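Colleague: Below is the structure I would like to discuss, written out as structure tokens.
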Amino acid sequence: MLSGCQYLKLSPKKPADPHPEIQREFRAAWIATVANINWPSKPGISVEQQKEEAIKLLDLLQSTNFNAVIFQVRPQSDALYKSELEPWSYYLTGEQGVPPTPYYDPLSFWIEEAHKRGLELHVWLNPYRAHHVRGGPVSEHSVVNTKEELVVGLKSGYWWFDPSLQETQDHAHAVVMDILKRYDIDGVHFDDYFYPYPSYNFGEDFPDDESWEAYVNSGGKLSRSDWRRNAVDTFIQRVYRSIKKEKPYVKFGLSPFGVWRPGSPPSIAGMDQYEVLYADAKKWLKKGWVDYFSPQLYWPINQVPQSFPVLLGWWEEQNFTDRHIWPGMSISRYEGEQQVDEVINQIMITRGMLPEAPGTIHWSMTGLVENDSLQKALLEKPYKREALIPSMNWINHRPLKAPDISFTREKGGLSFALEEDMSRVSKWVVYARYDNIWQTTIIPKTRQSATIPYYRVKEAPANSPLLEGKVSLLRELQITYIDRLGFESSAFIQNFEHLDQLENLAESKSFKGFFNSLFNLK
């Protein structure tokens, strides 16, 4: 419906020129809450300060054309959200089990503010860590006390769930599903902490003798290493299947240690996560138990034993189910120009090696916040234009019809509203053609309406005899929406004839440029 638009004639529908393609790329950053690495700046700051700090981080991501945030909501089996399963996080208030005052739900706040800025929000959980050495005292509310039969102490002061126990898997799965059902999230994310790194127990083996002996006495035939890996495998597969059953559009992402095993490929050396962390990340990717896979490739391009492109190429060779591979980058490893060059080069390598659906995750926000040069370089080079997140092509979907659009004439331009069920929309896209130039705008799902000008003025060069530049008139409008799986709908198309009149023309400061454009005066 188009109302009150006297000066703008709608032309009959005619075959439209294809609108420009928008770049597809996953551009994300991890925001760590454990040990208050990224947010909040310290435990116990006021709710107002917490919100201000969150807004500052999200504004930075929006201004540098990121499109996703990986937000840590369960750093040590506690919660940065309202939970009946685990206590409020120490990192929020300085006291585990105590909610923020005045009360608010941090996860709800982060989701709302991220979506306002066109950012996906993925919740980041650590499935097995029960207590961190920088997580305050072990409180009465801690799972160390409320689920003491499931956790073991490590010699460095950490506490860890025993991954082999069915009750451990059931509890972690319940936490994931609780968040999934109650919050409008876009993804669920696990990092590299499965069985703990050896240093956490001062180099000694993980203390699971009791559960191992119970397994052997029950007739178990696997080796101890295979038994541990099988426990993690079973949990990863279960979480993926449960997410897809409940909300297929929610992405499940894993970010394991960057080296699977030394010698894979031959030039690679380093820790053996398969045998040390009991994480068979290669298997998870090959089986397709993820939607995106983000190995932590925290090494420079020319570091031969752990080279970024060599490892990226090897992981892509394991990608038999065509999932997205979006590597993690360490953006704080260097300083100055060396840092900027390494980050930009790794982004461009990823684009070149994975051209169909590129993407990276930046570790961590601190490296971006503290480096104006990196912000500037990203915005001027690889992230100069906005990008949409690649679609999940392996999930069955139907072609999307063109959206229903309503129009109204406003003083400042043509207003239109997307009349769709916004629960299935992630973004919508406006392609406006002014004469022969397309302008593309990506609009967050939190906004159902927008306004575009009837014409655009290109400023005249400084040495031009004209006082005004040339005016380009709105000729065509194409509007689509992106669903939660990342697929773009067919376009609503509206063509416009030449202007018959422009009301209040004499009052328009672009009158001279408009007049010149009509008569082709250049």
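How things are named: the first chain in the structure tokens is A, the next is B, and so on; residues count from 1 in each chain; ligands count from 1 in the order shown.
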If you count only C-alpha atoms, which residues fall within 10 Å of Ile70 (chain A), apart from same-chain ones fewer than 3 positions away, as a list in words?

Modeller: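 With the cut-off at 10 Å, the set is Ala28, Ala29, Trp30, Ile31, Ala32, Val73, Glu120, Leu121, His122, Val123, Trp124, Leu125, Asp186, Gly187, Val188, His189, Phe190, Gly253, Ile361, His362 and Ser364 of chain A.
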
Colleague: For Asp191 (chain A), work out the shell of residues within 6 Å, counting only C-alpha atoms and skipping chain neighbours fewer than 5 positions away, then give it as a list in words.

Modeller: Leu254, Ser255 and Pro256 of chain A

Colleague: Enter the distance from CA of Lys244 (chain A) to CA of Pro127 (chain A), in Å, rounded to one decimal.

Modeller: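 About the pair CA of Lys244 (chain A) and CA of Pro127 (chain A): they are 18.4 Å apart.
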
Colleague: Write down as a ChimeraX atom specification the residues of region 170-289 of chain A whose backbone DSSP state falls under helix (DSSP H, G or I).

Modeller: /A:170-182,198-201,209-217,224-246,273-276,281-287

Colleague: If DSSP is run on the backbone, what residues of region 126-300 of chain A are strand (DSSP E)? A reply as a count of residues only would be ideal.

Modeller: 19

Colleague: Excluding same-chain residues fewer than 6 positions from region 207-215 of chain A, what lies within 12 Å of it counting only C-alpha atoms, as a VMD selection string?

Modeller: chain A and resid 149 to 155 159 to 168 195 to 196 198 200 to 201 221 to 228 231

Colleague: Measuring atom to atom with only C-alpha atoms, identify which of A:Ile236, A:Lys181, A:Tyr454, A:Gln439 is nearest to Pro20 (chain A).

Modeller: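 Ranked by minimum distance to Pro20 (chain A), first place goes to A:Gln439.
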
Colleague: Would you tabulate, counting only C-alpha atoms, all residues of region 225-323 of chain A that have an atom at most 12 Å from an atom of region 411-424 of chain A, showing the closest pair of atoms and their distance in Å to one decimal, sorted by chain then ascending number, as JSON lines?

Modeller:
```
{"residue": "A:Lys247", "atom": "CA", "partner": "A:Arg424", "partner_atom": "CA", "distance": 11.1}
{"residue": "A:Pro248", "atom": "CA", "partner": "A:Arg424", "partner_atom": "CA", "distance": 11.4}
{"residue": "A:Tyr249", "atom": "CA", "partner": "A:Arg424", "partner_atom": "CA", "distance": 9.1}
{"residue": "A:Val250", "atom": "CA", "partner": "A:Arg424", "partner_atom": "CA", "distance": 11.5}
```

Colleague: Quick one: everything within 9 Å of Glu246 (chain A), counting only C-alpha atoms, minus sequence neighbours fewer than 3 positions away in the same chain. Send it as a PyMOL selection string.

Modeller: chain A and resi 177+180-181+241-243+250
